[in-house]
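Undergrad: So here's structure.txt (compact mmCIF, C-alpha atoms and all ligand atoms).
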```txt
# COMPACT_ATOMS: atom_id res chain seq x y z
CA MET E 1313 49.08 -36.45 -10.48
CA SER E 1314 46.35 -36.12 -7.90
CA THR E 1315 43.22 -34.12 -8.67
CA PRO E 1316 42.53 -30.77 -6.96
CA LEU E 1317 39.81 -32.51 -4.95
CA GLU E 1318 42.34 -35.07 -3.66
CA GLN E 1319 44.88 -32.32 -2.94
CA ALA E 1320 42.25 -30.40 -0.97
CA ALA E 1321 41.40 -33.53 1.02
CA THR E 1322 45.09 -34.16 1.79
CA ALA E 1323 45.60 -30.58 2.98
CA LEU E 1324 42.52 -30.73 5.23
CA ARG E 1325 43.51 -34.09 6.74
CA ALA E 1326 46.92 -32.68 7.68
CA ALA E 1327 45.55 -29.39 9.10
CA ASN E 1328 45.01 -28.62 12.78
CA THR E 1329 43.31 -25.25 12.41
CA ILE E 1330 40.86 -24.62 9.58
CA VAL E 1331 38.87 -21.48 8.77
CA THR E 1332 36.12 -21.50 6.17
CA MET E 1333 34.59 -18.39 4.71
CA GLY E 1334 32.07 -17.35 2.10
CA HIS E 1335 31.46 -14.04 0.38
CA ILE E 1336 30.11 -10.91 2.05
CA GLY E 1337 26.34 -10.84 2.44
CA PRO E 1338 26.26 -14.65 2.47
CA ASP E 1339 23.33 -16.30 0.72
CA GLY E 1340 22.10 -19.81 1.45
CA ASP E 1341 24.82 -21.47 -0.59
CA SER E 1342 27.66 -19.44 0.85
CA LEU E 1343 26.47 -19.85 4.43
CA GLY E 1344 25.49 -23.51 4.08
CA SER E 1345 28.80 -24.38 2.42
CA MET E 1346 31.00 -22.70 5.03
CA LEU E 1347 29.04 -24.15 7.95
CA ALA E 1348 29.17 -27.63 6.41
CA VAL E 1349 32.96 -27.58 6.02
CA ALA E 1350 33.55 -26.09 9.48
CA GLY E 1351 31.06 -28.49 11.12
CA ALA E 1352 32.49 -31.60 9.45
CA ALA E 1353 36.05 -30.52 10.26
CA THR E 1354 35.12 -29.97 13.92
CA ASN E 1355 33.58 -33.45 14.09
CA ALA E 1356 36.80 -34.81 12.54
CA GLY E 1357 38.74 -33.40 15.52
CA LYS E 1358 40.01 -30.16 13.94
CA LYS E 1359 39.86 -26.66 15.37
CA ALA E 1360 37.51 -25.25 12.76
CA TYR E 1361 35.68 -21.94 12.38
CA ALA E 1362 33.43 -20.30 9.80
CA THR E 1363 33.39 -16.57 9.15
CA PHE E 1364 32.58 -13.86 6.61
CA GLY E 1365 33.31 -10.16 6.17
CA GLU E 1366 31.34 -7.32 7.74
CA PRO E 1367 28.47 -6.60 8.07
CA PHE E 1368 28.42 -9.76 10.15
CA VAL E 1369 24.70 -10.52 9.86
CA VAL E 1370 23.08 -13.89 9.21
CA GLY E 1371 19.69 -13.49 7.54
CA LYS E 1372 16.96 -14.54 9.96
CA GLN E 1373 15.57 -16.96 7.38
CA PHE E 1374 18.69 -19.09 8.06
CA ARG E 1375 18.34 -19.26 11.82
CA TYR E 1376 17.52 -23.00 11.74
CA LEU E 1377 21.14 -23.67 10.69
CA ASP E 1378 23.69 -24.81 13.28
CA THR E 1379 25.97 -21.76 13.52
CA GLY E 1380 28.07 -23.10 16.40
CA THR E 1381 31.31 -22.71 14.42
CA LEU E 1382 30.60 -19.12 13.33
CA LEU E 1383 33.00 -16.39 14.50
CA ARG E 1384 33.40 -12.71 13.62
CA PRO E 1385 36.46 -12.19 11.40
CA LEU E 1386 38.31 -10.35 14.19
CA ASP E 1387 37.80 -13.29 16.59
CA VAL E 1388 39.39 -15.85 14.26
CA PRO E 1389 42.71 -17.14 15.71
CA GLU E 1390 45.98 -15.82 14.34
CA GLU E 1391 47.51 -19.19 13.36
CA ILE E 1392 45.66 -20.91 10.53
CA ASP E 1393 46.80 -23.96 8.60
CA VAL E 1394 44.13 -24.02 5.92
CA ALA E 1395 41.60 -21.42 4.81
CA VAL E 1396 38.71 -22.76 2.76
CA VAL E 1397 36.99 -20.13 0.62
CA VAL E 1398 33.55 -21.20 -0.59
CA ASP E 1399 31.19 -19.84 -3.25
CA THR E 1400 33.61 -17.27 -4.64
CA SER E 1401 37.21 -17.11 -5.83
CA VAL E 1402 37.40 -13.32 -5.93
CA ALA E 1403 39.40 -11.54 -3.19
CA ASP E 1404 37.15 -8.44 -3.25
CA ARG E 1405 34.12 -10.57 -2.36
CA LEU E 1406 35.66 -11.48 1.03
CA GLY E 1407 35.61 -7.93 2.37
CA SER E 1408 37.04 -7.67 5.89
CA ALA E 1409 37.69 -11.46 6.03
CA LEU E 1410 40.40 -11.24 3.36
CA PRO E 1411 43.33 -10.82 5.85
CA ILE E 1412 42.46 -14.24 7.30
CA VAL E 1413 43.03 -15.86 3.92
CA GLU E 1414 46.28 -13.95 3.53
CA ARG E 1415 47.71 -15.37 6.77
CA ALA E 1416 46.66 -19.00 6.13
CA LYS E 1417 49.44 -21.37 5.07
CA THR E 1418 47.28 -23.02 2.40
CA VAL E 1419 44.16 -21.66 0.70
CA ILE E 1420 41.57 -23.97 -0.85
CA VAL E 1421 38.79 -22.58 -3.06
CA LEU E 1422 35.56 -24.57 -3.42
CA ASP E 1423 33.45 -22.79 -5.99
CA HIS E 1424 31.05 -23.01 -8.90
CA HIS E 1425 31.49 -19.57 -10.45
CA LEU E 1426 33.22 -19.01 -13.78
CA SER E 1427 36.90 -19.46 -12.99
CA ARG E 1428 37.96 -16.58 -15.28
CA ASP E 1429 36.99 -14.22 -12.44
CA GLY E 1430 39.12 -15.84 -9.73
CA ASN E 1431 42.28 -14.51 -8.12
CA LEU E 1432 42.45 -16.58 -4.91
CA GLY E 1433 43.65 -19.98 -3.82
CA ASP E 1434 46.51 -22.49 -3.86
CA ILE E 1435 44.21 -25.44 -4.52
CA LEU E 1436 41.26 -24.67 -6.79
CA VAL E 1437 38.32 -27.06 -6.72
CA VAL E 1438 36.14 -25.10 -9.11
CA ASP E 1439 33.38 -26.60 -11.23
CA SER E 1440 31.30 -24.03 -13.06
CA SER E 1441 28.83 -26.73 -14.07
CA ALA E 1442 28.01 -27.46 -10.42
CA ALA E 1443 24.66 -26.08 -9.30
CA ALA E 1444 25.96 -24.88 -5.95
CA ALA E 1445 29.20 -24.56 -4.03
CA ALA E 1446 27.49 -26.99 -1.62
CA GLN E 1447 27.66 -29.64 -4.36
CA VAL E 1448 31.45 -29.21 -4.53
CA VAL E 1449 31.61 -29.31 -0.71
CA TYR E 1450 29.62 -32.55 -0.71
CA ARG E 1451 32.13 -34.15 -3.11
CA LEU E 1452 34.99 -33.08 -0.85
CA LEU E 1453 33.37 -34.43 2.34
CA ALA E 1454 32.74 -37.73 0.49
CA GLU E 1455 36.40 -37.83 -0.59
CA LEU E 1456 37.46 -37.17 3.01
CA ASP E 1457 34.97 -39.70 4.33
CA TRP E 1458 33.95 -37.10 6.94
CA GLU E 1459 30.57 -37.77 8.47
CA ILE E 1460 27.52 -35.93 7.12
CA THR E 1461 25.41 -35.43 10.22
CA THR E 1462 21.87 -34.07 10.06
CA GLU E 1463 23.20 -30.55 10.79
CA ILE E 1464 25.78 -30.73 8.02
CA ALA E 1465 23.27 -32.25 5.60
CA THR E 1466 20.83 -29.41 6.40
CA ALA E 1467 23.53 -26.83 5.66
CA LEU E 1468 24.37 -28.48 2.32
CA TYR E 1469 20.71 -28.87 1.39
CA THR E 1470 20.20 -25.15 2.05
CA GLY E 1471 22.95 -24.34 -0.45
CA ILE E 1472 21.53 -26.68 -3.07
CA VAL E 1473 17.89 -25.68 -2.67
CA THR E 1474 18.62 -21.95 -2.84
CA ASP E 1475 21.17 -22.00 -5.68
CA THR E 1476 19.08 -24.30 -7.88
CA GLY E 1477 15.99 -22.10 -7.39
CA ARG E 1478 14.33 -25.07 -5.69
CA PHE E 1479 15.62 -27.61 -8.24
CA GLN E 1480 14.61 -25.52 -11.23
CA TYR E 1481 17.68 -23.93 -12.86
CA GLY E 1482 19.74 -25.45 -15.66
CA ALA E 1483 22.52 -26.86 -13.46
CA THR E 1484 20.02 -29.10 -11.62
CA SER E 1485 21.61 -32.40 -12.67
CA ALA E 1486 21.05 -36.03 -11.80
CA GLU E 1487 24.03 -35.71 -9.44
CA VAL E 1488 22.26 -32.85 -7.63
CA HIS E 1489 19.27 -35.10 -7.00
CA GLN E 1490 21.49 -38.03 -5.96
CA ILE E 1491 23.32 -35.85 -3.45
CA THR E 1492 19.99 -34.48 -2.23
CA ALA E 1493 18.73 -38.03 -1.71
CA HIS E 1494 21.75 -38.71 0.53
CA LEU E 1495 21.10 -35.51 2.44
CA LEU E 1496 17.48 -36.51 3.09
CA GLU E 1497 18.70 -39.94 4.28
CA ALA E 1498 20.99 -38.06 6.67
CA GLY E 1499 17.93 -36.41 8.22
CA VAL E 1500 17.10 -33.19 6.33
CA VAL E 1501 13.47 -32.16 6.68
CA PRO E 1502 12.63 -30.19 3.46
CA PRO E 1503 9.62 -28.25 4.79
CA VAL E 1504 11.67 -26.88 7.70
CA VAL E 1505 14.18 -25.41 5.26
CA GLY E 1506 11.54 -24.38 2.72
CA GLN E 1507 9.29 -22.58 5.16
CA HIS E 1508 12.11 -20.68 6.87
CA VAL E 1509 13.80 -19.66 3.64
CA TYR E 1510 10.80 -18.95 1.42
CA GLU E 1511 7.64 -18.54 3.46
CA GLU E 1512 8.48 -16.46 6.49
CA SER E 1513 8.46 -12.84 5.40
CA PRO E 1514 7.10 -10.18 7.75
CA PHE E 1515 3.73 -8.86 6.53
CA PRO E 1516 5.12 -5.42 5.48
CA TYR E 1517 7.22 -7.31 2.91
CA LEU E 1518 4.03 -7.69 0.85
CA HIS E 1519 3.72 -3.92 0.54
CA VAL E 1520 7.41 -3.48 -0.28
CA ALA E 1521 7.08 -6.14 -2.97
CA GLY E 1522 3.99 -4.33 -4.25
CA ALA E 1523 5.92 -1.05 -4.51
CA VAL E 1524 8.81 -2.69 -6.35
CA LEU E 1525 6.48 -4.55 -8.71
CA SER E 1526 4.42 -1.44 -9.46
CA ARG E 1527 7.65 0.33 -10.45
CA ALA E 1528 8.71 -2.43 -12.83
CA HIS E 1529 9.52 -1.29 -16.33
CA LEU E 1530 9.60 -3.36 -19.50
CA ASP E 1531 11.84 -2.43 -22.43
CA GLU E 1532 10.14 -4.47 -25.11
CA ASP E 1533 12.84 -4.01 -27.74
CA ALA E 1534 15.63 -5.11 -25.40
CA ARG E 1535 13.38 -7.77 -23.83
CA PHE E 1536 14.55 -6.33 -20.51
CA VAL E 1537 12.52 -5.91 -17.30
CA TRP E 1538 13.83 -3.97 -14.34
CA SER E 1539 12.82 -2.29 -11.10
CA VAL E 1540 14.27 -0.46 -8.14
CA LEU E 1541 14.06 -1.04 -4.39
CA LEU E 1542 14.56 2.22 -2.49
CA ARG E 1543 15.94 2.56 1.03
CA ASP E 1544 12.71 4.39 1.91
CA ASP E 1545 10.67 1.32 0.91
CA LEU E 1546 12.51 -0.73 3.50
CA ALA E 1547 12.55 1.99 6.17
CA SER E 1548 8.82 2.63 5.94
CA ALA E 1549 8.18 -1.09 6.43
CA SER E 1550 10.91 -1.51 9.11
CA LEU E 1551 12.56 -4.15 6.92
CA LYS E 1552 16.24 -4.88 6.48
CA TYR E 1553 18.10 -5.11 3.19
CA GLU E 1554 18.38 -8.89 3.41
CA ASP E 1555 14.58 -9.19 3.84
CA ALA E 1556 14.33 -8.22 0.16
CA ASP E 1557 16.43 -11.08 -1.25
CA GLY E 1558 13.57 -12.74 -3.13
CA LEU E 1559 12.36 -9.69 -5.07
CA ILE E 1560 14.37 -10.36 -8.23
CA ASP E 1561 12.52 -13.68 -8.56
CA LEU E 1562 9.20 -11.81 -8.73
CA ILE E 1563 10.40 -9.49 -11.48
CA ARG E 1564 12.00 -12.10 -13.71
CA VAL E 1565 8.74 -13.93 -14.42
CA ALA E 1566 7.65 -11.45 -17.13
CA GLU E 1567 7.47 -13.58 -20.27
CA GLU E 1568 8.23 -10.59 -22.50
CA SER E 1569 11.74 -10.43 -20.98
CA ASP E 1570 14.96 -12.41 -21.41
CA VAL E 1571 16.89 -10.38 -18.85
CA ALA E 1572 15.73 -9.02 -15.49
CA CYS E 1573 17.42 -6.58 -13.15
CA LEU E 1574 16.66 -5.37 -9.65
CA LEU E 1575 18.59 -2.36 -8.38
CA ARG E 1576 18.62 -2.11 -4.60
CA GLU E 1577 19.57 1.34 -3.33
CA ILE E 1578 22.41 0.98 -0.81
CA GLY E 1579 23.65 4.58 -0.64
CA ASP E 1580 23.33 7.96 -2.35
CA ASP E 1581 23.42 7.13 -6.05
CA LYS E 1582 24.75 3.67 -5.20
CA PHE E 1583 22.99 0.44 -6.08
CA LYS E 1584 23.45 -3.29 -5.67
CA GLY E 1585 22.31 -4.89 -8.91
CA SER E 1586 20.96 -8.41 -9.36
CA LEU E 1587 20.76 -9.72 -12.92
CA ARG E 1588 18.99 -12.83 -14.18
CA SER E 1589 18.67 -14.18 -17.70
CA ARG E 1590 17.01 -16.99 -19.47
CA GLY E 1591 18.38 -18.20 -22.74
CA ARG E 1592 21.34 -16.74 -24.54
CA VAL E 1593 22.39 -13.60 -22.62
CA ASP E 1594 25.43 -14.01 -20.36
CA VAL E 1595 24.61 -11.65 -17.48
CA SER E 1596 27.98 -12.29 -15.78
CA GLN E 1597 29.49 -10.24 -18.63
CA ILE E 1598 27.08 -7.38 -18.04
CA ALA E 1599 27.83 -7.50 -14.29
CA GLY E 1600 31.53 -7.57 -15.17
CA ARG E 1601 31.35 -4.15 -16.80
CA PHE E 1602 30.45 -2.75 -13.34
CA GLY E 1603 33.18 -4.78 -11.62
CA GLY E 1604 30.81 -7.57 -10.53
CA GLY E 1605 30.40 -11.13 -11.73
CA GLY E 1606 28.57 -14.39 -11.16
CA HIS E 1607 27.14 -17.01 -13.48
CA PHE E 1608 25.84 -17.04 -17.06
CA ASN E 1609 22.22 -16.84 -15.84
CA ALA E 1610 22.61 -15.06 -12.47
CA ALA E 1611 25.03 -12.31 -11.60
CA GLY E 1612 25.44 -9.23 -9.45
CA PHE E 1613 27.35 -5.98 -9.12
CA ILE E 1614 27.60 -2.72 -7.21
CA ALA E 1615 27.38 0.47 -9.29
CA GLU E 1616 27.44 4.21 -8.70
CA GLY E 1617 25.15 6.66 -10.47
CA SER E 1618 21.43 7.08 -10.88
CA ALA E 1619 19.24 4.02 -11.44
CA GLU E 1620 18.38 5.40 -14.89
CA SER E 1621 22.03 5.69 -15.89
CA ILE E 1622 22.78 2.14 -14.74
CA VAL E 1623 19.76 0.84 -16.62
CA ALA E 1624 20.84 2.77 -19.74
CA GLN E 1625 24.24 1.06 -19.65
CA ILE E 1626 22.66 -2.38 -19.34
CA THR E 1627 20.20 -1.65 -22.15
CA ALA E 1628 23.08 -0.53 -24.37
CA ASP E 1629 24.80 -3.88 -23.68
CA LEU E 1630 21.65 -5.75 -24.66
CA ALA E 1631 21.25 -3.92 -27.99
P1 LIG R 1 22.54 -12.01 -6.32
O1 LIG R 1 21.92 -11.24 -7.43
O2 LIG R 1 21.64 -13.09 -5.82
O3 LIG R 1 23.16 -11.17 -5.26
O4 LIG R 1 23.79 -12.78 -6.98
C1 LIG R 1 23.68 -13.62 -8.09
C2 LIG R 1 25.01 -14.25 -8.39
O5 LIG R 1 25.99 -13.25 -8.71
C3 LIG R 1 25.60 -15.03 -7.23
O6 LIG R 1 26.22 -16.18 -7.77
C4 LIG R 1 26.61 -14.11 -6.62
O7 LIG R 1 27.66 -14.79 -6.03
C5 LIG R 1 27.08 -13.28 -7.81
N1 LIG R 1 27.33 -11.89 -7.39
C6 LIG R 1 26.43 -11.06 -6.80
N2 LIG R 1 26.98 -9.86 -6.55
C7 LIG R 1 28.27 -9.94 -7.00
C8 LIG R 1 29.37 -8.99 -7.00
O8 LIG R 1 29.27 -7.83 -6.56
N3 LIG R 1 30.54 -9.45 -7.53
C9 LIG R 1 30.68 -10.73 -8.03
N4 LIG R 1 31.88 -11.11 -8.53
N5 LIG R 1 29.68 -11.62 -8.03
C10 LIG R 1 28.49 -11.23 -7.52
MN MN R 2 26.57 -20.33 -4.96
```
What's the structure tokens form of this structure?
Ligand code: 5GP
Ligand code: MN
TA:
Amino acid sequence: MSTPLEQAATALRAANTIVTMGHIGPDGDSLGSMLAVAGAATNAGKKAYATFGEPFVVGKQFRYLDTGTLLRPLDVPEEIDVAVVVDTSVADRLGSALPIVERAKTVIVLDHHLSRDGNLGDILVVDSSAAAAAQVVYRLLAELDWEITTEIATALYTGIVTDTGRFQYGATSAEVHQITAHLLEAGVVPPVVGQHVYEESPFPYLHVAGAVLSRAHLDEDARFVWSVLLRDDLASASLKYEDADGLIDLIRVAEESDVACLLREIGDDKFKGSLRSRGRVDVSQIAGRFGGGGHFNAAGFIAEGSAESIVAQITADLA
């Protein structure tokens, strides 16, 4: 019996038309992983495209990436041999790109989320111990012996650097560093990625961060810290939703907390929640109660209701 990785490689070698896609609101790992697969497949002589569901916006911090293969979901060709879903295995997370997967002859999933959540894919290459989907993509490109150019290496490095919290989180293994060494040999320049991703916020971001931090609340008994980002915060600073991606990392540093949550207002009484934990609390379970998911230590969800009511439900889970 061949492994799922070998089966995925066989399917990609035989394919003429390949579409890769990540989850809606793609982060560095999702975007880097889809661009790496589509770029390597193009170089291998395939017709290959990357896409993701609406809103079709690439965060400006990722503008150094080669997005030459990126197409809006509606512009993706009708006939597709293989769809490659990266960084999720949940149909809901594909949004308006889901019909593309449904019309592909074969669907490969390359992911590092807990597989209990998944409902997609004919060939599942899922390793929940991998630090990033980009790590799984790297293994596949190595199996295929497809060239890792500087552009592809930069895309993979982006996925690894962002999903490991700059080589800090628990899944940062020796393999992660070995892969990273290969990516640097292929031409990645770490400060280019680091400065774009982490050190290029517009000045008003400082005031938005200040507002969110000043609203932070600590529940000492539950060892739970949380805050809220309001739409007005962003509007008054002329910032976009995706400009606020790093805020959860500011909140989680409180040493009195084991679990941190940022609720970003996305509609009337509607919030996108980001959860982080250190230690023994599985935040993917808490996210799951709102229909979301993720990893043991990092998860997300969308919930309706007031911020206070959402926080009360999380606090009850932590009791
Ligand atoms: P973030 O808080 O950075 O948006 O997401 C943290 C982790 O949770 C990521 O691995 C992300 O893929 C996952 N995640 C975030 N939002 C959702 C969601 O609504 N549903 C599911 N299933 N996973 C999510
Ligand atoms: Mn990821």
Undergrad: Write out as JSON lines a residue-level contact list of range 1366-1440 of chain E versus range 1460-1465 of chain E with cut-off 12 Å: for each qualifying residue the closest pair of atoms and the distance in Å to one decimal, counting only C-alpha atoms, rows sorted by chain and residue number upward.
TA:
```
{"residue": "E:Tyr1376", "atom": "CA", "partner": "E:Glu1463", "partner_atom": "CA", "distance": 9.5}
{"residue": "E:Leu1377", "atom": "CA", "partner": "E:Glu1463", "partner_atom": "CA", "distance": 7.2}
{"residue": "E:Asp1378", "atom": "CA", "partner": "E:Glu1463", "partner_atom": "CA", "distance": 6.3}
{"residue": "E:Thr1379", "atom": "CA", "partner": "E:Glu1463", "partner_atom": "CA", "distance": 9.6}
{"residue": "E:Gly1380", "atom": "CA", "partner": "E:Glu1463", "partner_atom": "CA", "distance": 10.5}
{"residue": "E:Thr1381", "atom": "CA", "partner": "E:Ile1464", "partner_atom": "CA", "distance": 11.7}
```
Undergrad: Step by step, measure atom-to-atom distances between ligand LIG 1 (chain R) and each residue using only C-alpha atoms and all ligand atoms, keep those at most 7 Å, then write them as a ChimeraX atom specification.
TA: /E:1399-1400,1402,1405,1425,1585-1587,1603-1607,1610-1614
Undergrad: Go through chain E residue by residue and, counting only C-alpha atoms and all ligand atoms, keep those with an atom at most 8 Å from ligand MN 2 (chain R); for each kept residue give the shortest atom pair and its distance in Å to one decimal, ordered by chain and increasing number, as a Markdown table.
TA:
```
| residue | atom | partner | partner_atom | distance |
| --- | --- | --- | --- | --- |
| E:Asp1339 | CA | R:MN2 | MN | 7.7 |
| E:Gly1340 | CA | R:MN2 | MN | 7.8 |
| E:Asp1341 | CA | R:MN2 | MN | 4.8 |
| E:Ser1342 | CA | R:MN2 | MN | 6.0 |
| E:Asp1399 | CA | R:MN2 | MN | 5.0 |
| E:Thr1400 | CA | R:MN2 | MN | 7.7 |
| E:Asp1423 | CA | R:MN2 | MN | 7.4 |
| E:His1424 | CA | R:MN2 | MN | 6.5 |
| E:His1425 | CA | R:MN2 | MN | 7.4 |
| E:Ala1443 | CA | R:MN2 | MN | 7.5 |
| E:Ala1444 | CA | R:MN2 | MN | 4.7 |
| E:Ala1445 | CA | R:MN2 | MN | 5.1 |
| E:Ala1446 | CA | R:MN2 | MN | 7.5 |
| E:Gly1471 | CA | R:MN2 | MN | 7.0 |
| E:Asp1475 | CA | R:MN2 | MN | 5.7 |
```
Undergrad: Counting only C-alpha atoms, find residues at most 10 Å from (18.5, -5.5, 5.0) (file frame) and give them as a PyMOL selection string.
TA: chain E and resi 1337+1369+1371+1543+1546-1547+1550-1557+1578
Undergrad: If we count all atoms listed in the file and set the cut-off at 12 Å, which residues sit around range 1438-1440 of chain E, ignoring sequence neighbours fewer than 5 positions away in its own chain? Please answer as JSON, numbers by chain.
TA: {"E": [1315, 1316, 1317, 1320, 1397, 1398, 1399, 1400, 1401, 1420, 1421, 1422, 1423, 1424, 1425, 1426, 1427, 1428, 1429, 1430, 1432, 1433, 1445, 1446, 1447, 1448, 1449, 1451, 1452, 1482, 1483, 1606, 1607, 1608, 1609]}
Undergrad: Between CA of Ala1323 in chain E and CA of Asp1404 in chain E, what distance in Å does the model show, to one decimal?
TA: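 Computing the Euclidean distance for CA of Ala1323 in chain E and CA of Asp1404 in chain E yields 24.5 Å.
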Undergrad: Could you tell me how far CA of Leu1542 in chain E sits from CA of Met1333 in chain E, in Å to one decimal place?
TA: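 Interatomic distance here is 29.6 Å.
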